[in-house]
$ cat target11.txt   # compact mmCIF, C-alpha atoms
# COMPACT_ATOMS: atom_id res chain seq x y z
CA MET J 11 1.69 -50.86 42.92
CA SER J 12 -0.70 -48.45 41.25
CA THR J 13 -3.09 -46.30 43.24
CA THR J 14 -6.87 -46.09 43.08
CA LEU J 15 -9.30 -43.36 44.06
CA HIS J 16 -12.51 -45.09 45.16
CA LEU J 17 -15.59 -43.04 44.38
CA LEU J 18 -18.59 -43.88 46.55
CA SER J 19 -22.01 -42.30 46.01
CA HIS J 20 -24.46 -44.65 47.80
CA SER J 21 -25.47 -44.48 51.47
CA PRO J 22 -23.35 -46.81 53.63
CA PHE J 23 -26.44 -47.66 55.68
CA GLY J 24 -28.05 -50.74 54.21
CA ASP J 25 -25.63 -50.97 51.31
CA THR J 26 -22.37 -52.91 51.12
CA ARG J 27 -20.41 -50.71 48.73
CA GLN J 28 -18.39 -48.88 51.38
CA ASP J 29 -17.63 -52.07 53.31
CA SER J 30 -16.53 -53.96 50.22
CA CYS J 31 -14.48 -50.98 49.07
CA LEU J 32 -12.63 -50.77 52.37
CA ARG J 33 -12.14 -54.54 52.38
CA ILE J 34 -10.33 -54.65 49.05
CA ALA J 35 -8.68 -51.20 48.99
CA GLY J 36 -4.91 -51.07 48.73
CA PRO J 37 -2.74 -49.23 51.26
CA GLU J 38 -2.04 -46.31 48.90
CA ASP J 39 -5.69 -45.84 47.87
CA ALA J 40 -8.12 -43.11 48.91
CA VAL J 41 -11.89 -42.73 49.22
CA LEU J 42 -13.98 -39.88 47.86
CA LEU J 43 -17.53 -39.58 49.21
CA SER J 44 -20.23 -37.94 47.13
CA GLY J 45 -24.03 -37.99 47.06
CA GLU J 46 -25.61 -40.23 49.71
CA ALA J 47 -22.21 -41.71 50.56
CA VAL J 48 -21.44 -38.60 52.63
CA TYR J 49 -23.79 -39.95 55.31
CA ALA J 50 -20.73 -42.00 56.30
CA LEU J 51 -19.46 -38.80 57.94
CA LEU J 52 -22.04 -39.03 60.74
CA SER J 53 -19.62 -39.17 63.65
CA ALA J 54 -21.75 -41.47 65.79
CA GLY J 55 -22.37 -43.86 62.92
CA GLU J 56 -20.81 -47.26 62.36
CA PRO J 57 -19.66 -46.44 58.77
CA TRP J 58 -17.62 -43.50 60.08
CA ARG J 59 -15.84 -45.77 62.57
CA ARG J 60 -14.97 -48.19 59.79
CA LEU J 61 -13.79 -45.38 57.51
CA GLN J 62 -11.49 -44.08 60.22
CA SER J 63 -10.05 -47.48 61.09
CA SER J 64 -9.23 -48.08 57.41
CA GLY J 65 -6.51 -45.44 57.70
CA LEU J 66 -7.17 -44.34 54.11
CA PRO J 67 -7.35 -40.66 53.12
CA VAL J 68 -11.00 -39.59 52.99
CA TYR J 69 -12.31 -36.81 50.76
CA ALA J 70 -15.88 -35.55 50.64
CA LEU J 71 -17.67 -33.41 48.08
CA GLU J 72 -18.41 -30.27 50.07
CA GLU J 73 -21.73 -29.32 48.48
CA ASP J 74 -23.17 -32.77 49.16
CA VAL J 75 -22.01 -32.58 52.79
CA LEU J 76 -23.52 -29.11 53.28
CA ALA J 77 -26.77 -30.04 51.54
CA ARG J 78 -27.34 -32.81 54.06
CA GLY J 79 -26.49 -30.72 57.13
CA LEU J 80 -23.41 -32.80 57.90
CA GLU J 81 -19.92 -31.87 59.02
CA ALA J 82 -16.62 -33.33 57.99
CA GLY J 83 -14.92 -35.09 60.89
CA PRO J 84 -11.20 -34.97 61.66
CA GLY J 85 -8.98 -36.04 58.80
CA VAL J 86 -11.64 -35.54 56.12
CA THR J 87 -10.71 -33.21 53.29
CA MET J 88 -13.60 -31.29 51.76
CA VAL J 89 -13.34 -30.81 48.00
CA ASP J 90 -15.26 -28.86 45.38
CA TYR J 91 -15.70 -30.09 41.80
CA PRO J 92 -12.40 -28.64 40.45
CA ALA J 93 -10.53 -30.29 43.35
CA PHE J 94 -12.49 -33.49 42.66
CA VAL J 95 -11.18 -33.49 39.09
CA ARG J 96 -7.62 -32.80 40.25
CA LEU J 97 -7.89 -35.72 42.68
CA THR J 98 -8.86 -38.10 39.88
CA LEU J 99 -5.60 -37.11 38.16
CA THR J 100 -3.54 -37.64 41.32
CA TYR J 101 -4.38 -41.33 41.42
CA ASP J 102 -3.57 -43.84 38.67
CA LYS J 103 -7.23 -44.78 38.26
CA VAL J 104 -10.71 -44.20 39.59
CA ASN J 105 -13.01 -46.98 40.74
CA SER J 106 -16.60 -45.70 40.68
CA TRP J 107 -18.71 -48.00 42.83
CA LEU J 108 -21.83 -47.68 40.65
CA MET A 30 -0.37 -51.82 24.12
CA ALA A 31 -4.02 -51.64 25.04
CA LYS A 32 -4.85 -50.65 28.61
CA SER A 33 -5.77 -53.53 30.86
CA MET A 34 -9.18 -53.44 32.45
CA LEU A 35 -10.73 -55.15 35.43
CA ILE A 36 -14.51 -55.47 35.48
CA ILE A 37 -15.98 -55.94 38.97
CA SER A 38 -19.49 -57.38 38.87
CA ARG A 39 -21.19 -57.10 42.26
CA GLN A 40 -24.93 -57.34 41.63
CA ALA A 41 -27.12 -60.43 41.80
CA PRO A 42 -28.20 -61.82 38.41
CA TRP A 43 -31.88 -60.82 38.48
CA ALA A 44 -31.63 -57.66 40.61
CA GLY A 45 -31.54 -55.37 37.59
CA PRO A 46 -29.53 -54.80 34.42
CA ALA A 47 -26.10 -54.43 36.12
CA ALA A 48 -25.02 -58.08 35.95
CA ARG A 49 -25.86 -58.38 32.25
CA GLU A 50 -24.25 -55.02 31.45
CA ALA A 51 -21.00 -55.98 33.17
CA LEU A 52 -21.01 -59.21 31.20
CA ASP A 53 -21.73 -57.36 27.93
CA ILE A 54 -18.74 -55.08 28.55
CA ALA A 55 -16.55 -58.12 29.15
CA LEU A 56 -17.78 -59.94 26.03
CA ALA A 57 -17.47 -56.83 23.84
CA GLY A 58 -13.99 -56.09 25.18
CA GLY A 59 -12.98 -59.71 24.71
CA ALA A 60 -14.19 -59.65 21.10
CA PHE A 61 -11.82 -56.72 20.49
CA GLU A 62 -9.01 -58.64 22.19
CA LEU A 63 -8.64 -56.13 25.03
CA PRO A 64 -6.71 -57.43 28.04
CA LEU A 65 -9.63 -57.99 30.41
CA ALA A 66 -10.19 -59.64 33.74
CA MET A 67 -13.48 -60.10 35.56
CA LEU A 68 -14.07 -60.30 39.30
CA PHE A 69 -17.32 -61.41 40.95
CA LEU A 70 -17.79 -59.64 44.29
CA ASP A 71 -20.60 -59.31 46.85
CA ASP A 72 -23.98 -60.46 45.42
CA GLY A 73 -22.24 -60.77 42.04
CA VAL A 74 -21.13 -64.26 43.13
CA PHE A 75 -24.79 -65.37 42.81
CA GLN A 76 -24.35 -65.06 39.04
CA LEU A 77 -22.15 -68.13 39.27
CA SER A 78 -24.71 -70.32 41.03
CA SER A 79 -25.57 -73.52 39.22
CA GLU A 80 -29.12 -74.73 38.62
CA GLN A 81 -30.52 -71.25 37.98
CA ARG A 82 -33.85 -71.22 36.15
CA PRO A 83 -34.23 -67.65 34.87
CA GLN A 84 -37.24 -68.57 32.74
CA ALA A 85 -39.22 -68.76 35.98
CA VAL A 86 -38.98 -64.96 36.18
CA GLN A 87 -39.15 -64.44 32.41
CA GLN A 88 -35.43 -63.67 32.11
CA LYS A 89 -32.85 -64.87 29.62
CA ASN A 90 -30.16 -67.25 30.72
CA LEU A 91 -27.10 -65.38 31.97
CA SER A 92 -25.15 -68.59 32.48
CA ALA A 93 -24.84 -69.19 28.75
CA ASN A 94 -23.21 -65.77 28.31
CA LEU A 95 -20.93 -66.42 31.27
CA GLN A 96 -19.79 -69.70 29.72
CA ALA A 97 -18.92 -67.73 26.57
CA LEU A 98 -16.35 -65.56 28.37
CA PRO A 99 -13.35 -67.91 27.79
CA MET A 100 -14.37 -68.28 24.12
CA PHE A 101 -14.20 -64.49 23.82
CA GLY A 102 -10.72 -64.50 25.25
CA VAL A 103 -11.74 -63.44 28.77
CA GLU A 104 -9.95 -66.16 30.69
CA GLN A 105 -8.96 -64.27 33.83
CA LEU A 106 -12.02 -64.94 35.95
CA TYR A 107 -11.92 -64.34 39.68
CA VAL A 108 -14.34 -64.57 42.57
CA SER A 109 -14.08 -63.08 46.06
CA ALA A 110 -13.46 -65.81 48.63
CA SER A 111 -14.97 -63.70 51.42
CA SER A 112 -18.12 -63.01 49.39
CA LEU A 113 -18.46 -66.78 48.82
CA ASN A 114 -17.85 -67.54 52.52
CA GLN A 115 -20.42 -64.96 53.66
CA ARG A 116 -23.00 -66.74 51.53
CA GLY A 117 -21.94 -70.29 52.33
CA LEU A 118 -20.98 -70.95 48.69
CA ARG A 119 -18.02 -73.02 47.55
CA ALA A 120 -15.64 -72.03 44.75
CA ASP A 121 -15.58 -75.61 43.41
CA ALA A 122 -19.38 -75.75 43.11
CA LEU A 123 -19.80 -72.76 40.81
CA ALA A 124 -21.23 -72.92 37.29
CA LEU A 125 -18.12 -71.19 35.92
CA ALA A 126 -14.50 -71.89 36.77
CA ALA A 127 -13.25 -68.78 38.59
CA LYS A 128 -10.22 -68.44 40.82
CA ALA A 129 -11.07 -67.54 44.42
CA LEU A 130 -9.05 -64.62 45.80
CA ASP A 131 -8.84 -63.27 49.34
CA ASP A 132 -9.20 -59.54 50.02
CA ARG A 133 -5.47 -58.83 49.89
CA GLU A 134 -5.15 -60.64 46.54
CA ILE A 135 -8.08 -58.59 45.21
CA ALA A 136 -6.33 -55.37 46.24
CA GLU A 137 -3.32 -56.53 44.21
CA LEU A 138 -5.53 -57.51 41.28
CA VAL A 139 -7.07 -54.02 41.20
CA SER A 140 -3.64 -52.46 41.55
CA HIS A 141 -2.25 -54.37 38.56
CA HIS A 142 -4.91 -53.16 36.14
CA ASP A 143 -4.86 -49.82 34.33
CA GLN A 144 -8.62 -49.29 34.59
CA VAL A 145 -11.46 -50.67 36.65
CA ILE A 146 -15.23 -50.67 36.14
CA THR A 147 -17.50 -51.63 39.03
CA LEU A 148 -21.14 -52.41 38.29
$ encode --input "target11.txt" --output "structure tokens"
Amino acid sequence: MSTTLHLLSHSPFGDTRQDSCLRIAGPEDAVLLSGEAVYALLSAGEPWRRLQSSGLPVYALEEDVLARGLEAGPGVTMVDYPAFVRLTLTYDKVNSWL
Amino acid sequence: MAKSMLIISRQAPWAGPAAREALDIALAGGAFELPLAMLFLDDGVFQLSSEQRPQAVQQKNLSANLQALPMFGVEQLYVSASSLNQRGLRADALALAAKALDDREIAELVSHHDQVITL
């Protein structure tokens, strides 16, 4: 089993990328939120509930979170760009949901 | 040994350039005999609908290019069963023969490839 880091950058509201990603992700995979995808961190939102119930590690690009006035919920690891790059090397491959 | 690649095509055929670009990557890779597989997911399954008439919206026929995939050596063609079910489509009524996979099988498919491109 090889591992995949799923890179999401579209808002989970009104877009199916996050849902499809969680549906087909493997048990050893992880999700990295950047750009509009960080709106999934809204703690009262439905996407956040689905992220949490996936049980996958969740990372979020810190500057994109801060820019939007959001906070990382429990279990979310904030990363900067160097940590982002290191993460891509930790997993066997990256799936960018373009 | 060349790295294996899975191309996930998840946009509807006339929604923008993504569907055609994913197909171009597959055809180009196939022409160079790269080990490629292609998965149709989400609205990407609409690319496989029969009876499309793209000329009605001044577009070129994508179906002809799709039919060329096996000729270019891209024979591993898959479609998401849940994406088909959500849309009320049947795997045996598609314009291109693609194997329907459930979500768990798709996770394994992704896992078994060295690289993945999602468009």
$ interface_residues --input "target11.txt" --of "chain J" --to "chain A" --cutoff "8 Å" --atoms "only C-alpha atoms" --output "PyMOL selection string"
chain J and resi 11-14+26+30+33-36+102-108
$ atom_distance --input "target11.txt" --atom1 "CA of Ala48 (chain A)" --atom2 "CA of Leu51 (chain J)"
29.8 Å
$ residues_around --input "target11.txt" --residues "Ala51 (chain A)" --least-positions-apart "5" --cutoff "12 Å" --atoms "all atoms listed in the file" --output "number ranges by chain"
J: 108; A: 35-42, 45-46, 56-58, 65-69, 73, 76, 91, 94-95, 98, 145-148
$ closest_residue --input "target11.txt" --among "A:Leu113, A:Val86, A:Leu106, A:Ala124" --to "Ala44 (chain A)" --atoms "all atoms listed in the file"
A:Val86
$ residues_near_point --input "target11.txt" --point "(-23.0, -40.9, 55.1)" --cutoff "9 Å" --atoms "only C-alpha atoms" --output "short mmCIF file (atom, residue, chain, number, x, y, z; two decimals) with C-alpha atoms, in the coordinates of the input"
data_model
loop_
_atom_site.label_atom_id
_atom_site.label_comp_id
_atom_site.auth_asym_id
_atom_site.auth_seq_id
_atom_site.Cartn_x
_atom_site.Cartn_y
_atom_site.Cartn_z
CA HIS J 20 -24.46 -44.65 47.80
CA SER J 21 -25.47 -44.48 51.47
CA PRO J 22 -23.35 -46.81 53.63
CA PHE J 23 -26.44 -47.66 55.68
CA LEU J 43 -17.53 -39.58 49.21
CA SER J 44 -20.23 -37.94 47.13
CA GLY J 45 -24.03 -37.99 47.06
CA GLU J 46 -25.61 -40.23 49.71
CA ALA J 47 -22.21 -41.71 50.56
CA VAL J 48 -21.44 -38.60 52.63
CA TYR J 49 -23.79 -39.95 55.31
CA ALA J 50 -20.73 -42.00 56.30
CA LEU J 51 -19.46 -38.80 57.94
CA LEU J 52 -22.04 -39.03 60.74
CA GLY J 55 -22.37 -43.86 62.92
CA PRO J 57 -19.66 -46.44 58.77
CA TRP J 58 -17.62 -43.50 60.08
CA VAL J 75 -22.01 -32.58 52.79
CA LEU J 80 -23.41 -32.80 57.90
#
$ closest_residue --input "target11.txt" --among "J:Ala70, J:Glu56, J:Ala77, J:Ala40" --to "Tyr91 (chain J)" --atoms "only C-alpha atoms"
J:Ala70
$ atom_distance --input "target11.txt" --atom1 "CA of Tyr69 (chain J)" --atom2 "CA of Lys32 (chain A)"
27.2 Å
$ closest_residue --input "target11.txt" --among "J:Leu97, J:Val86, J:Leu71, J:Leu66" --to "Leu18 (chain J)" --atoms "all atoms listed in the file"
J:Leu71
$ atom_distance --input "target11.txt" --atom1 "CA of Ala85 (chain A)" --atom2 "CA of Asp25 (chain J)"
27.1 Å
$ residues_around --input "target11.txt" --residues "Ala122 (chain A)" --least-positions-apart "3" --cutoff "8 Å" --atoms "all atoms listed in the file" --output "number ranges by chain"
A: 78-79, 118-119
$ write_last_selection --input "target11.txt" --atoms "C-alpha atoms" --output "mmCIF file, keeping the file's coordinate frame"
data_model
loop_
_atom_site.group_PDB
_atom_site.id
_atom_site.type_symbol
_atom_site.label_atom_id
_atom_site.label_comp_id
_atom_site.auth_asym_id
_atom_site.auth_seq_id
_atom_site.Cartn_x
_atom_site.Cartn_y
_atom_site.Cartn_z
ATOM 1 C CA SER A 78 -24.710 -70.320 41.030
ATOM 2 C CA SER A 79 -25.570 -73.520 39.220
ATOM 3 C CA LEU A 118 -20.980 -70.950 48.690
ATOM 4 C CA ARG A 119 -18.020 -73.020 47.550
#
$ closest_residue --input "target11.txt" --among "J:Ala82, J:Ala93, J:Ala54, J:Val41" --to "Val68 (chain J)" --atoms "all atoms listed in the file"
J:Val41
$ build_atoms --input "target11.txt" --residues "region 96-124 of chain A" --atoms "N, CA and C atoms" --output "PDB file, in the frame of the given file"
ATOM      1  N   GLN A  96     -20.606 -68.599  30.260  1.00  0.00           N
ATOM      2  CA  GLN A  96     -19.790 -69.700  29.720  1.00  0.00           C
ATOM      3  C   GLN A  96     -19.043 -69.251  28.473  1.00  0.00           C
ATOM      4  N   ALA A  97     -19.552 -68.193  27.811  1.00  0.00           N
ATOM      5  CA  ALA A  97     -18.920 -67.730  26.570  1.00  0.00           C
ATOM      6  C   ALA A  97     -17.669 -66.899  26.823  1.00  0.00           C
ATOM      7  N   LEU A  98     -17.478 -66.457  28.066  1.00  0.00           N
ATOM      8  CA  LEU A  98     -16.350 -65.560  28.370  1.00  0.00           C
ATOM      9  C   LEU A  98     -15.000 -66.133  27.886  1.00  0.00           C
ATOM     10  N   PRO A  99     -14.645 -67.381  28.255  1.00  0.00           N
ATOM     11  CA  PRO A  99     -13.350 -67.910  27.790  1.00  0.00           C
ATOM     12  C   PRO A  99     -13.260 -67.963  26.269  1.00  0.00           C
ATOM     13  N   MET A 100     -14.377 -68.234  25.595  1.00  0.00           N
ATOM     14  CA  MET A 100     -14.370 -68.280  24.120  1.00  0.00           C
ATOM     15  C   MET A 100     -14.091 -66.911  23.526  1.00  0.00           C
ATOM     16  N   PHE A 101     -14.457 -65.854  24.265  1.00  0.00           N
ATOM     17  CA  PHE A 101     -14.200 -64.490  23.820  1.00  0.00           C
ATOM     18  C   PHE A 101     -12.842 -63.991  24.311  1.00  0.00           C
ATOM     19  N   GLY A 102     -12.068 -64.871  24.833  1.00  0.00           N
ATOM     20  CA  GLY A 102     -10.720 -64.500  25.250  1.00  0.00           C
ATOM     21  C   GLY A 102     -10.643 -63.936  26.667  1.00  0.00           C
ATOM     22  N   VAL A 103     -11.765 -63.922  27.383  1.00  0.00           N
ATOM     23  CA  VAL A 103     -11.740 -63.440  28.770  1.00  0.00           C
ATOM     24  C   VAL A 103     -11.532 -64.667  29.664  1.00  0.00           C
ATOM     25  N   GLU A 104     -10.274 -64.941  29.944  1.00  0.00           N
ATOM     26  CA  GLU A 104      -9.950 -66.160  30.690  1.00  0.00           C
ATOM     27  C   GLU A 104      -9.552 -65.892  32.136  1.00  0.00           C
ATOM     28  N   GLN A 105      -9.290 -64.610  32.436  1.00  0.00           N
ATOM     29  CA  GLN A 105      -8.960 -64.270  33.830  1.00  0.00           C
ATOM     30  C   GLN A 105     -10.244 -64.007  34.589  1.00  0.00           C
ATOM     31  N   LEU A 106     -10.764 -65.049  35.210  1.00  0.00           N
ATOM     32  CA  LEU A 106     -12.020 -64.940  35.950  1.00  0.00           C
ATOM     33  C   LEU A 106     -11.758 -65.200  37.424  1.00  0.00           C
ATOM     34  N   TYR A 107     -12.203 -64.253  38.247  1.00  0.00           N
ATOM     35  CA  TYR A 107     -11.920 -64.340  39.680  1.00  0.00           C
ATOM     36  C   TYR A 107     -13.215 -64.174  40.473  1.00  0.00           C
ATOM     37  N   VAL A 108     -13.191 -64.719  41.679  1.00  0.00           N
ATOM     38  CA  VAL A 108     -14.340 -64.570  42.570  1.00  0.00           C
ATOM     39  C   VAL A 108     -13.801 -64.295  43.976  1.00  0.00           C
ATOM     40  N   SER A 109     -14.512 -63.438  44.701  1.00  0.00           N
ATOM     41  CA  SER A 109     -14.080 -63.080  46.060  1.00  0.00           C
ATOM     42  C   SER A 109     -14.361 -64.235  47.021  1.00  0.00           C
ATOM     43  N   ALA A 110     -13.309 -64.713  47.674  1.00  0.00           N
ATOM     44  CA  ALA A 110     -13.460 -65.810  48.630  1.00  0.00           C
ATOM     45  C   ALA A 110     -14.339 -65.374  49.811  1.00  0.00           C
ATOM     46  N   SER A 111     -14.175 -64.128  50.271  1.00  0.00           N
ATOM     47  CA  SER A 111     -14.970 -63.700  51.420  1.00  0.00           C
ATOM     48  C   SER A 111     -16.447 -63.543  51.051  1.00  0.00           C
ATOM     49  N   SER A 112     -16.723 -63.094  49.807  1.00  0.00           N
ATOM     50  CA  SER A 112     -18.120 -63.010  49.390  1.00  0.00           C
ATOM     51  C   SER A 112     -18.747 -64.405  49.319  1.00  0.00           C
ATOM     52  N   LEU A 113     -17.963 -65.393  48.856  1.00  0.00           N
ATOM     53  CA  LEU A 113     -18.460 -66.780  48.820  1.00  0.00           C
ATOM     54  C   LEU A 113     -18.714 -67.277  50.242  1.00  0.00           C
ATOM     55  N   ASN A 114     -17.737 -67.051  51.132  1.00  0.00           N
ATOM     56  CA  ASN A 114     -17.850 -67.540  52.520  1.00  0.00           C
ATOM     57  C   ASN A 114     -19.066 -66.946  53.220  1.00  0.00           C
ATOM     58  N   GLN A 115     -19.282 -65.623  53.018  1.00  0.00           N
ATOM     59  CA  GLN A 115     -20.420 -64.960  53.660  1.00  0.00           C
ATOM     60  C   GLN A 115     -21.735 -65.618  53.275  1.00  0.00           C
ATOM     61  N   ARG A 116     -21.765 -66.167  52.045  1.00  0.00           N
ATOM     62  CA  ARG A 116     -23.000 -66.740  51.530  1.00  0.00           C
ATOM     63  C   ARG A 116     -23.037 -68.263  51.614  1.00  0.00           C
ATOM     64  N   GLY A 117     -21.983 -68.836  52.194  1.00  0.00           N
ATOM     65  CA  GLY A 117     -21.940 -70.290  52.330  1.00  0.00           C
ATOM     66  C   GLY A 117     -21.796 -71.003  50.999  1.00  0.00           C
ATOM     67  N   LEU A 118     -21.181 -70.336  50.007  1.00  0.00           N
ATOM     68  CA  LEU A 118     -20.980 -70.950  48.690  1.00  0.00           C
ATOM     69  C   LEU A 118     -19.542 -71.460  48.588  1.00  0.00           C
ATOM     70  N   ARG A 119     -19.349 -72.454  47.736  1.00  0.00           N
ATOM     71  CA  ARG A 119     -18.020 -73.020  47.550  1.00  0.00           C
ATOM     72  C   ARG A 119     -17.510 -72.736  46.148  1.00  0.00           C
ATOM     73  N   ALA A 120     -16.231 -72.383  46.050  1.00  0.00           N
ATOM     74  CA  ALA A 120     -15.640 -72.030  44.750  1.00  0.00           C
ATOM     75  C   ALA A 120     -15.695 -73.210  43.783  1.00  0.00           C
ATOM     76  N   ASP A 121     -15.623 -74.451  44.317  1.00  0.00           N
ATOM     77  CA  ASP A 121     -15.580 -75.610  43.410  1.00  0.00           C
ATOM     78  C   ASP A 121     -16.982 -76.065  42.997  1.00  0.00           C
ATOM     79  N   ALA A 122     -18.017 -75.370  43.479  1.00  0.00           N
ATOM     80  CA  ALA A 122     -19.380 -75.750  43.110  1.00  0.00           C
ATOM     81  C   ALA A 122     -20.043 -74.712  42.207  1.00  0.00           C
ATOM     82  N   LEU A 123     -19.234 -73.824  41.631  1.00  0.00           N
ATOM     83  CA  LEU A 123     -19.800 -72.760  40.810  1.00  0.00           C
ATOM     84  C   LEU A 123     -19.999 -73.234  39.372  1.00  0.00           C
ATOM     85  N   ALA A 124     -20.911 -72.537  38.664  1.00  0.00           N
ATOM     86  CA  ALA A 124     -21.230 -72.920  37.290  1.00  0.00           C
ATOM     87  C   ALA A 124     -20.123 -72.521  36.321  1.00  0.00           C
TER      88      ALA A 124
END
